[in-house]
$ cat model.cif   # mmCIF, C-alpha atoms and all ligand atoms
data_final
loop_
_atom_site.label_atom_id
_atom_site.label_comp_id
_atom_site.auth_asym_id
_atom_site.auth_seq_id
_atom_site.Cartn_x
_atom_site.Cartn_y
_atom_site.Cartn_z
CA MET A 1 -33.76 33.87 -26.92
CA GLU A 2 -33.30 34.85 -23.26
CA SER A 3 -29.75 36.07 -22.55
CA LEU A 4 -27.61 33.95 -20.23
CA ASP A 5 -27.40 36.78 -17.69
CA ALA A 6 -31.17 37.24 -17.57
CA PHE A 7 -31.66 33.49 -17.39
CA ARG A 8 -29.16 33.21 -14.52
CA ALA A 9 -30.90 35.99 -12.58
CA ARG A 10 -34.28 34.34 -13.10
CA ALA A 11 -32.93 30.93 -11.96
CA ARG A 12 -31.28 32.45 -8.90
CA ALA A 13 -34.43 34.30 -7.89
CA TRP A 14 -36.55 31.17 -8.31
CA LEU A 15 -34.15 29.00 -6.30
CA ALA A 16 -34.06 31.58 -3.50
CA GLU A 17 -37.84 31.16 -3.10
CA ALA A 18 -38.11 27.45 -3.92
CA GLU A 19 -37.19 25.89 -0.58
CA PRO A 20 -35.29 22.88 -1.97
CA PRO A 21 -35.78 19.70 0.08
CA GLU A 22 -33.35 18.15 2.53
CA VAL A 23 -32.05 14.88 1.09
CA PRO A 24 -32.88 11.93 3.43
CA LEU A 25 -30.29 9.24 4.20
CA ASP A 26 -32.55 6.32 3.48
CA LEU A 27 -32.53 5.44 -0.23
CA ASP A 28 -36.31 4.87 -0.54
CA SER A 29 -37.15 8.19 1.12
CA ARG A 30 -34.42 9.90 -0.90
CA PHE A 31 -35.99 8.55 -4.09
CA THR A 32 -39.46 9.80 -3.13
CA VAL A 33 -38.25 13.27 -2.11
CA LEU A 34 -36.07 13.77 -5.19
CA ARG A 35 -38.78 12.56 -7.54
CA ARG A 36 -41.15 15.15 -6.08
CA TRP A 37 -38.35 17.73 -6.46
CA GLN A 38 -37.99 16.79 -10.15
CA LYS A 39 -41.70 17.47 -10.62
CA THR A 40 -41.36 20.86 -8.94
CA LEU A 41 -38.41 21.74 -11.16
CA PHE A 42 -40.21 20.51 -14.28
CA GLU A 43 -43.39 22.47 -13.59
CA ALA A 44 -41.32 25.61 -13.13
CA GLY A 45 -39.55 25.00 -16.49
CA TRP A 46 -36.12 24.02 -15.16
CA VAL A 47 -35.89 20.47 -16.54
CA GLY A 48 -34.96 19.72 -20.16
CA ILE A 49 -33.71 23.25 -20.64
CA ALA A 50 -31.77 22.42 -23.83
CA TRP A 51 -34.36 19.90 -25.11
CA SER A 52 -36.75 20.58 -27.96
CA ARG A 53 -40.22 21.92 -27.12
CA GLU A 54 -41.95 18.93 -28.79
CA ALA A 55 -40.11 16.71 -26.32
CA GLY A 56 -41.43 18.79 -23.43
CA GLY A 57 -38.23 20.83 -23.02
CA GLN A 58 -37.56 24.56 -23.02
CA GLY A 59 -35.85 24.87 -26.43
CA LEU A 60 -32.89 26.79 -24.98
CA THR A 61 -29.16 25.95 -25.29
CA HIS A 62 -26.65 23.78 -23.44
CA SER A 63 -25.17 27.02 -22.07
CA HIS A 64 -28.51 27.77 -20.39
CA GLN A 65 -28.57 24.21 -19.04
CA LEU A 66 -25.11 24.68 -17.58
CA VAL A 67 -26.05 28.01 -16.02
CA PHE A 68 -29.00 26.37 -14.29
CA VAL A 69 -26.84 23.49 -13.02
CA GLU A 70 -24.40 26.05 -11.59
CA GLU A 71 -27.15 27.94 -9.81
CA LEU A 72 -28.87 24.78 -8.55
CA VAL A 73 -25.68 23.33 -7.08
CA ARG A 74 -24.49 26.64 -5.63
CA ALA A 75 -27.88 27.02 -3.92
CA ARG A 76 -27.11 23.61 -2.28
CA ALA A 77 -30.25 22.25 -3.94
CA PRO A 78 -30.28 18.57 -4.97
CA GLN A 79 -30.35 17.20 -8.49
CA PRO A 80 -33.61 15.66 -9.76
CA ILE A 81 -33.76 11.88 -9.35
CA GLY A 82 -34.11 10.95 -13.03
CA LEU A 83 -30.56 11.68 -14.18
CA ILE A 84 -30.27 8.44 -16.19
CA GLY A 85 -33.26 9.59 -18.23
CA LEU A 86 -32.19 13.23 -18.37
CA GLU A 87 -28.49 12.88 -19.11
CA VAL A 88 -28.01 9.38 -20.51
CA VAL A 89 -30.98 7.80 -22.29
CA GLY A 90 -33.27 10.75 -23.03
CA PRO A 91 -30.93 12.60 -25.42
CA SER A 92 -30.73 9.45 -27.59
CA ILE A 93 -34.54 9.05 -27.66
CA ASP A 94 -34.84 12.73 -28.60
CA ARG A 95 -32.34 12.28 -31.43
CA TYR A 96 -33.20 8.82 -32.80
CA GLY A 97 -36.79 8.25 -31.62
CA SER A 98 -39.93 8.16 -33.76
CA ASP A 99 -42.37 11.05 -33.31
CA ARG A 100 -44.57 8.76 -31.24
CA GLN A 101 -41.70 7.75 -28.97
CA ARG A 102 -40.59 11.34 -28.46
CA THR A 103 -44.00 12.78 -27.71
CA GLU A 104 -45.25 9.87 -25.59
CA LEU A 105 -42.12 9.13 -23.59
CA LEU A 106 -40.06 12.27 -23.21
CA PRO A 107 -42.46 14.67 -21.41
CA ARG A 108 -43.08 11.96 -18.77
CA LEU A 109 -39.34 11.36 -18.48
CA LEU A 110 -38.67 15.06 -17.93
CA ALA A 111 -41.43 15.36 -15.33
CA GLY A 112 -40.10 12.37 -13.35
CA ASP A 113 -43.42 10.55 -13.95
CA ASP A 114 -41.35 7.80 -15.59
CA ILE A 115 -37.97 6.81 -14.22
CA TRP A 116 -35.58 5.27 -16.73
CA CYS A 117 -32.74 2.83 -16.36
CA GLN A 118 -30.00 1.81 -18.76
CA GLY A 119 -29.74 -1.93 -19.40
CA PHE A 120 -26.43 -2.17 -21.21
CA SER A 121 -23.89 -4.09 -19.04
CA GLU A 122 -24.09 -7.83 -18.59
CA PRO A 123 -22.11 -10.23 -16.38
CA GLU A 124 -19.90 -11.13 -19.37
CA ALA A 125 -20.13 -7.82 -21.25
CA GLY A 126 -19.02 -4.63 -19.52
CA SER A 127 -15.95 -3.07 -21.13
CA ASP A 128 -16.49 -5.30 -24.13
CA LEU A 129 -20.13 -4.25 -24.35
CA ALA A 130 -20.56 -5.45 -27.93
CA SER A 131 -20.24 -9.06 -26.68
CA LEU A 132 -23.63 -8.79 -24.99
CA ARG A 133 -25.73 -11.96 -25.10
CA THR A 134 -29.27 -10.94 -24.14
CA ARG A 135 -31.26 -12.23 -27.10
CA ALA A 136 -34.37 -10.85 -28.79
CA VAL A 137 -36.20 -13.14 -31.21
CA ALA A 138 -38.94 -11.94 -33.56
CA ASP A 139 -42.43 -13.34 -32.97
CA GLY A 140 -45.17 -11.57 -34.95
CA ASP A 141 -45.26 -7.89 -34.00
CA ASP A 142 -43.14 -8.53 -30.89
CA LEU A 143 -39.55 -9.23 -30.03
CA VAL A 144 -39.17 -11.80 -27.25
CA VAL A 145 -36.26 -10.99 -24.95
CA SER A 146 -34.34 -13.34 -22.64
CA GLY A 147 -31.08 -12.72 -20.78
CA GLN A 148 -29.49 -10.90 -17.87
CA LYS A 149 -28.21 -7.37 -17.23
CA ILE A 150 -26.17 -6.16 -14.28
CA TRP A 151 -25.24 -2.87 -12.54
CA THR A 152 -28.49 -1.39 -13.85
CA SER A 153 -28.86 1.75 -11.73
CA TRP A 154 -32.38 2.39 -10.38
CA ALA A 155 -33.86 -0.64 -12.21
CA HIS A 156 -35.90 -1.62 -9.12
CA VAL A 157 -37.84 1.66 -9.26
CA ALA A 158 -37.77 2.32 -13.02
CA GLN A 159 -40.82 2.32 -15.30
CA TRP A 160 -38.70 2.03 -18.48
CA CYS A 161 -35.40 0.54 -19.53
CA ALA A 162 -33.17 1.34 -22.51
CA LEU A 163 -32.09 -2.19 -23.30
CA LEU A 164 -29.40 -3.44 -25.67
CA VAL A 165 -30.20 -6.84 -27.15
CA ARG A 166 -28.72 -9.14 -29.76
CA THR A 167 -31.11 -9.56 -32.66
CA ASP A 168 -28.70 -11.12 -35.16
CA PRO A 169 -26.05 -13.50 -33.79
CA SER A 170 -24.77 -14.41 -37.27
CA VAL A 171 -23.00 -11.11 -38.08
CA ARG A 172 -20.06 -9.07 -36.68
CA LYS A 173 -20.93 -8.47 -33.02
CA GLN A 174 -21.59 -4.70 -33.26
CA ALA A 175 -23.81 -5.22 -36.31
CA GLY A 176 -26.32 -7.57 -34.64
CA ILE A 177 -27.39 -5.31 -31.75
CA SER A 178 -30.72 -3.50 -31.37
CA TYR A 179 -31.80 -0.81 -28.93
CA LEU A 180 -35.17 -1.50 -27.27
CA LEU A 181 -37.33 0.64 -25.00
CA VAL A 182 -38.78 -1.82 -22.48
CA ASP A 183 -41.68 -1.28 -20.11
CA MET A 184 -40.35 -2.57 -16.77
CA SER A 185 -43.81 -3.77 -15.73
CA SER A 186 -43.82 -6.33 -18.60
CA PRO A 187 -44.24 -9.94 -17.47
CA GLY A 188 -40.84 -11.68 -17.17
CA VAL A 189 -38.81 -8.68 -15.90
CA THR A 190 -37.23 -9.03 -12.44
CA ALA A 191 -34.91 -6.44 -10.86
CA ARG A 192 -32.87 -7.40 -7.80
CA PRO A 193 -30.86 -4.65 -6.01
CA ILE A 194 -27.16 -5.14 -5.19
CA ARG A 195 -25.74 -3.47 -2.08
CA GLN A 196 -22.79 -1.15 -2.71
CA MET A 197 -19.95 -0.28 -0.34
CA THR A 198 -21.70 3.03 0.44
CA GLY A 199 -24.54 0.98 2.00
CA ASP A 200 -27.03 1.89 -0.77
CA GLY A 201 -28.70 -0.68 -3.00
CA GLU A 202 -28.90 1.66 -5.96
CA PHE A 203 -28.08 -0.67 -8.81
CA CYS A 204 -29.52 -4.06 -9.74
CA GLU A 205 -29.29 -7.34 -11.51
CA VAL A 206 -32.08 -7.49 -14.08
CA PHE A 207 -33.41 -10.82 -15.33
CA LEU A 208 -35.44 -11.02 -18.54
CA ASP A 209 -37.42 -14.19 -19.14
CA GLN A 210 -39.35 -14.31 -22.42
CA VAL A 211 -40.28 -10.63 -22.18
CA ARG A 212 -42.50 -9.53 -25.07
CA VAL A 213 -41.61 -6.09 -26.41
CA PRO A 214 -43.63 -4.59 -29.28
CA ARG A 215 -41.53 -3.85 -32.36
CA ARG A 216 -42.64 -0.21 -32.27
CA ASN A 217 -40.44 0.07 -29.14
CA LEU A 218 -37.27 -0.37 -31.20
CA LEU A 219 -35.22 2.82 -31.02
CA GLY A 220 -33.87 3.25 -34.55
CA ALA A 221 -33.82 0.29 -36.91
CA GLU A 222 -33.39 -3.36 -35.98
CA ASN A 223 -29.67 -4.33 -35.82
CA GLU A 224 -28.62 -0.67 -35.84
CA GLY A 225 -28.53 -0.14 -32.09
CA TRP A 226 -24.77 0.09 -31.67
CA ALA A 227 -24.43 3.63 -33.07
CA ILE A 228 -27.26 4.80 -30.78
CA ALA A 229 -25.62 3.10 -27.78
CA THR A 230 -22.42 5.01 -28.58
CA HIS A 231 -24.44 8.23 -28.60
CA THR A 232 -25.99 7.32 -25.23
CA LEU A 233 -22.58 6.66 -23.65
CA GLY A 234 -21.17 9.92 -25.06
CA SER A 235 -24.12 11.93 -23.67
CA GLU A 236 -23.56 10.31 -20.27
CA ARG A 237 -19.90 11.37 -20.26
CA ALA A 238 -20.47 14.97 -21.34
CA GLY A 239 -23.47 15.63 -19.05
CA ALA A 240 -21.83 14.13 -15.98
CA THR A 241 -18.59 16.04 -16.52
CA LEU A 242 -20.28 19.43 -16.58
CA ARG A 243 -22.48 18.72 -13.55
CA ARG A 244 -19.77 17.09 -11.46
CA ARG A 245 -17.41 20.04 -12.03
CA VAL A 246 -19.83 22.38 -10.25
CA GLU A 247 -20.68 19.82 -7.56
CA LEU A 248 -17.00 19.32 -6.73
CA GLU A 249 -16.41 23.09 -6.66
CA VAL A 250 -19.18 23.39 -4.05
CA ALA A 251 -17.83 20.37 -2.12
CA VAL A 252 -14.43 22.07 -1.83
CA ASP A 253 -16.07 25.34 -0.66
CA ASP A 254 -18.12 23.42 1.93
CA ALA A 255 -15.05 21.56 3.17
CA ILE A 256 -13.16 24.84 3.57
CA SER A 257 -16.09 26.25 5.58
CA GLU A 258 -16.08 23.17 7.82
CA LEU A 259 -12.32 23.48 8.34
CA ARG A 260 -12.57 27.13 9.43
CA GLY A 261 -11.56 27.49 13.06
CA ARG A 262 -9.43 24.35 13.00
CA PRO A 263 -5.62 24.61 13.16
CA GLU A 264 -4.17 25.41 9.74
CA THR A 265 -1.51 22.73 9.66
CA PRO A 266 0.86 22.09 6.72
CA ARG A 267 -1.15 18.92 6.02
CA VAL A 268 -4.39 20.88 5.68
CA ARG A 269 -2.73 23.50 3.47
CA ALA A 270 -1.14 20.84 1.24
CA ALA A 271 -4.42 18.93 0.86
CA LEU A 272 -6.40 22.06 -0.02
CA GLY A 273 -3.64 23.09 -2.42
CA ARG A 274 -3.97 19.77 -4.24
CA CYS A 275 -7.76 20.20 -4.40
CA HIS A 276 -7.37 23.70 -5.80
CA VAL A 277 -4.97 22.61 -8.54
CA ALA A 278 -7.18 19.64 -9.46
CA MET A 279 -10.24 21.90 -9.71
CA ARG A 280 -8.44 24.41 -11.96
CA VAL A 281 -7.49 21.59 -14.34
CA LEU A 282 -11.10 20.34 -14.46
CA ASP A 283 -12.38 23.86 -14.99
CA ALA A 284 -10.06 24.42 -17.96
CA GLN A 285 -10.99 21.04 -19.47
CA THR A 286 -14.76 21.50 -19.16
CA ARG A 287 -14.81 24.91 -20.86
CA ARG A 288 -14.01 23.03 -24.06
CA THR A 289 -16.83 20.56 -23.35
CA THR A 290 -19.40 23.33 -23.06
CA ALA A 291 -18.20 24.80 -26.35
CA ARG A 292 -18.56 21.38 -28.01
CA LEU A 293 -22.05 20.87 -26.62
CA VAL A 294 -23.20 24.32 -27.68
CA ALA A 295 -21.82 23.74 -31.19
CA GLY A 296 -23.94 20.55 -31.28
CA THR A 297 -21.07 18.44 -32.57
CA GLY A 298 -22.31 15.47 -30.53
CA PRO A 299 -20.28 12.92 -28.63
CA THR A 300 -16.62 12.67 -29.69
CA PRO A 301 -13.52 10.79 -28.48
CA LEU A 302 -12.67 14.03 -26.63
CA ASP A 303 -15.40 13.06 -24.13
CA SER A 304 -13.03 10.31 -23.00
CA VAL A 305 -10.42 12.92 -22.09
CA ASP A 306 -13.06 14.72 -20.02
CA LYS A 307 -14.02 11.54 -18.28
CA LEU A 308 -10.42 10.71 -17.39
CA VAL A 309 -9.74 14.19 -16.03
CA LEU A 310 -13.02 14.13 -14.09
CA ASN A 311 -12.23 10.68 -12.60
CA ASP A 312 -8.83 11.82 -11.36
CA VAL A 313 -10.08 15.13 -9.99
CA GLU A 314 -13.15 13.61 -8.32
CA GLN A 315 -11.15 10.86 -6.63
CA THR A 316 -8.33 13.22 -5.59
CA VAL A 317 -10.60 15.94 -4.21
CA LEU A 318 -12.96 13.62 -2.32
CA ALA A 319 -10.14 11.50 -0.87
CA GLU A 320 -8.36 14.67 0.34
CA ILE A 321 -11.54 16.05 1.92
CA ALA A 322 -12.51 12.72 3.50
CA GLY A 323 -8.95 12.48 4.85
CA LEU A 324 -9.31 15.90 6.49
CA LEU A 325 -12.93 15.68 7.59
CA GLY A 326 -13.72 11.91 7.64
CA PRO A 327 -12.77 10.35 9.86
CA LEU A 328 -12.93 7.19 7.77
CA ARG A 329 -12.15 4.58 10.38
CA ALA A 330 -14.40 5.85 13.16
CA VAL A 331 -17.66 5.40 11.25
CA LEU A 332 -17.11 1.98 9.70
CA GLY A 333 -19.95 -0.23 10.91
CA SER A 334 -20.98 2.18 13.63
CA HIS A 335 -24.24 3.41 12.15
CA PRO A 336 -27.45 1.53 11.26
CA HIS A 337 -27.41 3.09 7.81
CA GLY A 338 -23.87 1.89 7.15
CA LEU A 339 -21.66 4.71 6.00
CA ARG A 340 -24.25 7.03 4.56
CA SER A 341 -24.57 9.26 7.56
CA GLN A 342 -21.18 10.78 6.85
CA ARG A 343 -21.35 13.00 3.79
CA TRP A 344 -17.61 13.04 3.08
CA VAL A 345 -17.12 9.33 3.63
CA HIS A 346 -20.10 8.53 1.43
CA GLU A 347 -18.89 10.82 -1.32
CA HIS A 348 -15.35 9.50 -1.09
CA LEU A 349 -16.53 5.88 -1.34
CA TYR A 350 -18.90 6.66 -4.21
CA SER A 351 -16.10 8.44 -6.06
CA ARG A 352 -14.31 5.08 -6.45
CA ALA A 353 -17.06 4.16 -8.94
CA ALA A 354 -16.27 7.16 -11.16
CA SER A 355 -13.44 5.34 -12.93
CA ILE A 356 -15.75 2.36 -13.66
CA TYR A 357 -19.23 3.55 -14.67
CA GLY A 358 -19.85 4.89 -18.15
CA GLY A 359 -16.75 2.97 -19.35
CA SER A 360 -13.69 2.31 -17.19
CA ALA A 361 -10.59 4.51 -17.11
CA GLN A 362 -8.55 1.86 -18.93
CA ILE A 363 -11.06 1.77 -21.77
CA GLN A 364 -11.11 5.59 -22.02
CA ARG A 365 -7.32 5.57 -22.28
CA THR A 366 -7.54 3.07 -25.12
CA ILE A 367 -10.02 5.35 -26.94
CA VAL A 368 -7.67 8.30 -26.50
CA ALA A 369 -4.68 6.26 -27.70
CA GLU A 370 -6.36 4.85 -30.79
CA ARG A 371 -8.83 7.54 -31.85
CA LEU A 372 -7.15 10.78 -30.80
CA LEU A 373 -3.46 9.88 -30.94
CA GLY A 374 -3.70 7.41 -33.83
CA LEU A 375 -1.59 4.80 -32.02
CA PRO A 376 -1.78 1.23 -33.30
CA ARG A 377 -4.52 -0.96 -31.88
CA GLY A 378 -3.31 -2.97 -28.89
C1 LIG B 1 -21.97 2.93 -9.76
C2 LIG B 1 -22.14 2.22 -11.08
C3 LIG B 1 -23.32 2.38 -11.78
C4 LIG B 1 -23.49 1.70 -13.00
N1 LIG B 1 -24.68 1.85 -13.66
C5 LIG B 1 -24.88 1.18 -14.82
C6 LIG B 1 -26.14 1.27 -15.48
O1 LIG B 1 -27.06 1.96 -15.03
N2 LIG B 1 -26.32 0.54 -16.61
C7 LIG B 1 -25.33 -0.25 -17.15
O2 LIG B 1 -25.55 -0.84 -18.20
N3 LIG B 1 -24.13 -0.36 -16.54
C8 LIG B 1 -23.89 0.33 -15.38
N4 LIG B 1 -22.67 0.21 -14.74
C9 LIG B 1 -21.70 -0.74 -15.27
C10 LIG B 1 -20.47 -0.14 -15.91
O3 LIG B 1 -20.75 0.44 -17.15
C11 LIG B 1 -19.45 -1.29 -16.03
O4 LIG B 1 -19.08 -1.62 -14.71
C12 LIG B 1 -18.23 -0.90 -16.82
O5 LIG B 1 -18.53 -0.76 -18.17
C13 LIG B 1 -17.11 -1.93 -16.65
O6 LIG B 1 -17.57 -3.22 -16.96
P1 LIG B 1 -17.37 -4.45 -15.95
O7 LIG B 1 -17.82 -4.03 -14.60
O8 LIG B 1 -18.00 -5.63 -16.58
O9 LIG B 1 -15.80 -4.66 -15.86
P2 LIG B 1 -14.90 -5.49 -16.87
O10 LIG B 1 -15.20 -5.10 -18.27
O11 LIG B 1 -14.97 -6.93 -16.52
O12 LIG B 1 -13.46 -4.91 -16.54
C14 LIG B 1 -12.74 -5.29 -15.35
C15 LIG B 1 -11.42 -4.53 -15.36
O13 LIG B 1 -10.64 -4.91 -16.51
C16 LIG B 1 -10.31 -3.75 -17.27
N5 LIG B 1 -10.37 -4.04 -18.71
C17 LIG B 1 -11.35 -4.73 -19.35
N6 LIG B 1 -11.08 -4.80 -20.66
C18 LIG B 1 -9.91 -4.15 -20.86
C19 LIG B 1 -9.11 -3.87 -22.01
N7 LIG B 1 -9.47 -4.28 -23.25
N8 LIG B 1 -7.97 -3.17 -21.84
C20 LIG B 1 -7.60 -2.73 -20.61
N9 LIG B 1 -8.31 -2.97 -19.48
C21 LIG B 1 -9.45 -3.67 -19.61
C22 LIG B 1 -11.35 -2.70 -16.91
O14 LIG B 1 -10.90 -1.38 -17.11
C23 LIG B 1 -11.60 -3.00 -15.43
O15 LIG B 1 -10.60 -2.39 -14.66
C24 LIG B 1 -22.46 0.88 -13.52
C25 LIG B 1 -21.26 0.72 -12.82
C26 LIG B 1 -21.10 1.38 -11.59
C27 LIG B 1 -19.81 1.20 -10.86
#

$ encode --input "model.cif" --output "structure tokens" --more "lines below"
Ligand SMILES: Cc1cc2nc3c(=O)[nH]c(=O)nc-3n(C[C@H](O)[C@H](O)[C@H](O)COP(=O)(O)OP(=O)(O)OC[C@H]3O[C@@H](n4cnc5c(N)ncnc54)[C@H](O)[C@@H]3O)c2cc1C
Amino acid sequence: MESLDAFRARARAWLAEAEPPEVPLDLDSRFTVLRRWQKTLFEAGWVGIAWSREAGGQGLTHSHQLVFVEELVRARAPQPIGLIGLEVVGPSIDRYGSDRQRTELLPRLLAGDDIWCQGFSEPEAGSDLASLRTRAVADGDDLVVSGQKIWTSWAHVAQWCALLVRTDPSVRKQAGISYLLVDMSSPGVTARPIRQMTGDGEFCEVFLDQVRVPRRNLLGAENEGWAIATHTLGSERAGATLRRRVELEVAVDDAISELRGRPETPRVRAALGRCHVAMRVLDAQTRRTTARLVAGTGPTPLDSVDKLVLNDVEQTVLAEIAGLLGPLRAVLGSHPHGLRSQRWVHEHLYSRAASIYGGSAQIQRTIVAERLLGLPRG
């Protein structure tokens, strides 16, 4: 297998020649540009680096994947658009999918030909996900799905959705859930974007009205979807932690470059000091994550510690930078694209979501308390 040093040199050389795209402000154009960028990365062998070859990946390790993320971000090149597929849903299809599902779905996911969304949360089931009510009822070779999802990122542009549904309402709530792979062009699926405080309409309400899904699109067995959903959520936490660490490191470097030439006041020094300390903590924490991923031990309650540290660091660092380089108040409502024109303001506002998506900070603390510290259930 290629050594990490040789792999890093090859990635760096490729990125130096690749001419990564500028990321447009407008969400639709951004989607188009970053989808094309995913294709470019895929064709050059830089997507699915740690995935199996049958799934269309490169068959290398998570350490190689991390090296590429470091080089990509340090080259100021954008991420591919299909991160929900790549970091969240795809690893679960690779692990639990049938041969047909893996070979038909995963190469298209990696190439960005199919965009995936994750239909887990519902209006009455977010933190308490197992209370979800979207029903699927057997009818011949199909399951017929009706219900509503919410906060489904990229649903309005997705070709596929990883959907949690209730297939048996008569048993303990975790036991009656199935994991379905749903073609978003099926009759009865409607996705309606919701505008966020950043100005983007990136996530959606999804309505499902008598949607017929063939049984062969069950991921894993019927009524055994909860364990796979747990795997999906764990993959989301680990993947995001590693990537965000490098992205924040680069954000701090960029902020320092922008501050050069300005007066070095005690306020600036104190803010950068706080960023530096926060980044060192995140760095130390994520070394353990890489080791866990490389060992292939899979998602663990330790991922919740990562997520909590990442939330705090992300929100601290981006609030400090926005405070120095904003200015927050001056741009509110002053631009046709809302707040998006200001990188630091946009990033600061988006960082508020970090302690909500993928399981809120309060829920992660409960996992740490009960499953790592062995404290009594609250
Ligand atoms: C930017 C963004 C993108 C998202 N993308 C997706 C997506 O693609 N697919 C998807 O399925 N979901 C997505 N989500 C939804 C996300 O997973 C949920 O928002 C999250 O799980 C919280 O659920 P909720 O919003 O229903 O809040 P609730 O569960 O209603 O919680 C509200 C508040 O109460 C607290 N709380 C709830 N229960 C407890 C408890 N037992 N103990 C202590 N505190 C508690 C929570 O921590 C939170 O502060 C996204 C969210 C965001 C912000």

$ atom_distance --input "model.cif" --atom1 "CA of Pro266 in chain A" --atom2 "CA of His346 in chain A"
25.5 Å

$ closest_residue --input "model.cif" --among "A:Asp26, A:Asp113, A:Asp128, A:Glu2" --to "Ser63 in chain A" --atoms "all atoms listed in the file"
A:Glu2

$ closest_residue --input "model.cif" --among "A:Pro21, A:Ala251, A:Val368, A:Tyr350" --to "Asp200 in chain A" --atoms "only C-alpha atoms"
A:Tyr350

$ residues_around --input "model.cif" --residues "Ala271 in chain A" --least-positions-apart "5" --cutoff "12 Å" --atoms "all atoms listed in the file" --output "PyMOL selection string"
chain A and resi 252+255-256+259+264-266+276-278+316-325

$ closest_atom_pairs --input "model.cif" --of "chain A" --to "ligand LIG 1 (chain B)" --cutoff "7 Å" --atoms "all atoms listed in the file" --output "JSON lines"
{"residue": "A:Cys117", "atom": "CA", "partner": "B:LIG1", "partner_atom": "O1", "distance": 5.9}
{"residue": "A:Gln118", "atom": "CA", "partner": "B:LIG1", "partner_atom": "N2", "distance": 4.4}
{"residue": "A:Gly119", "atom": "CA", "partner": "B:LIG1", "partner_atom": "O2", "distance": 4.5}
{"residue": "A:Phe120", "atom": "CA", "partner": "B:LIG1", "partner_atom": "O2", "distance": 3.4}
{"residue": "A:Ser121", "atom": "CA", "partner": "B:LIG1", "partner_atom": "O2", "distance": 3.7}
{"residue": "A:Glu122", "atom": "CA", "partner": "B:LIG1", "partner_atom": "O8", "distance": 6.8}
{"residue": "A:Pro123", "atom": "CA", "partner": "B:LIG1", "partner_atom": "O8", "distance": 6.2}
{"residue": "A:Glu124", "atom": "CA", "partner": "B:LIG1", "partner_atom": "O8", "distance": 6.5}
{"residue": "A:Ala125", "atom": "CA", "partner": "B:LIG1", "partner_atom": "O8", "distance": 5.6}
{"residue": "A:Gly126", "atom": "CA", "partner": "B:LIG1", "partner_atom": "O6", "distance": 3.3}
{"residue": "A:Ser127", "atom": "CA", "partner": "B:LIG1", "partner_atom": "O10", "distance": 3.6}
{"residue": "A:Asp128", "atom": "CA", "partner": "B:LIG1", "partner_atom": "O10", "distance": 6.0}
{"residue": "A:Ile150", "atom": "CA", "partner": "B:LIG1", "partner_atom": "N3", "distance": 6.6}
{"residue": "A:Trp151", "atom": "CA", "partner": "B:LIG1", "partner_atom": "C8", "distance": 4.5}
{"residue": "A:Thr152", "atom": "CA", "partner": "B:LIG1", "partner_atom": "O1", "distance": 3.8}
{"residue": "A:Ser153", "atom": "CA", "partner": "B:LIG1", "partner_atom": "O1", "distance": 3.8}
{"residue": "A:Phe203", "atom": "CA", "partner": "B:LIG1", "partner_atom": "C3", "distance": 6.4}
{"residue": "A:Ala353", "atom": "CA", "partner": "B:LIG1", "partner_atom": "C27", "distance": 4.5}
{"residue": "A:Ala354", "atom": "CA", "partner": "B:LIG1", "partner_atom": "C27", "distance": 6.9}
{"residue": "A:Ile356", "atom": "CA", "partner": "B:LIG1", "partner_atom": "C27", "distance": 5.1}
{"residue": "A:Tyr357", "atom": "CA", "partner": "B:LIG1", "partner_atom": "C25", "distance": 3.9}
{"residue": "A:Gly358", "atom": "CA", "partner": "B:LIG1", "partner_atom": "O3", "distance": 4.6}
{"residue": "A:Gly359", "atom": "CA", "partner": "B:LIG1", "partner_atom": "O5", "distance": 4.3}
{"residue": "A:Ser360", "atom": "CA", "partner": "B:LIG1", "partner_atom": "O14", "distance": 4.6}
{"residue": "A:Ala361", "atom": "CA", "partner": "B:LIG1", "partner_atom": "O14", "distance": 5.9}
{"residue": "A:Gln362", "atom": "CA", "partner": "B:LIG1", "partner_atom": "O14", "distance": 4.4}
{"residue": "A:Ile363", "atom": "CA", "partner": "B:LIG1", "partner_atom": "O14", "distance": 5.6}

$ closest_residue --input "model.cif" --among "A:Val345, A:Ala158, A:Ile115, A:Val23" --to "Thr190 in chain A" --atoms "all atoms listed in the file"
A:Ala158

$ residues_around --input "model.cif" --residues "Gln38 in chain A" --least-positions-apart "2" --cutoff "12 Å" --atoms "only C-alpha atoms" --output "ChimeraX atom specification"
/A:20-21,31-36,40-48,77-83,85-86,108-115

$ residues_near_point --input "model.cif" --point "(-16.8, 20.0, -25.9)" --cutoff "12 Å" --atoms "all atoms listed in the file" --output "JSON, numbers by chain"
{"A": [62, 63, 234, 235, 237, 238, 239, 241, 242, 284, 285, 286, 287, 288, 289, 290, 291, 292, 293, 294, 295, 296, 297, 298, 299, 300, 301, 302, 303, 304, 305, 306, 307]}

$ closest_residue --input "model.cif" --among "A:Ala369, A:Ile93, A:Leu208, A:Leu219" --to "Ser186 in chain A" --atoms "all atoms listed in the file"
A:Leu208

$ closest_residue --input "model.cif" --among "A:Thr232, A:Gly199, A:Pro107, A:Met1" --to "Leu163 in chain A" --atoms "all atoms listed in the file"
A:Thr232

$ atom_distance --input "model.cif" --atom1 "CA of Leu180 in chain A" --atom2 "CA of His156 in chain A"
18.2 Å

$ residues_around --input "model.cif" --residues "Phe68 in chain A" --least-positions-apart "5" --cutoff "10 Å" --atoms "only C-alpha atoms" --output "ChimeraX atom specification"
/A:4,7-12,15,46-47,49,62-63,73-74

$ atom_distance --input "model.cif" --atom1 "CA of Cys275 in chain A" --atom2 "CA of Arg76 in chain A"
19.8 Å
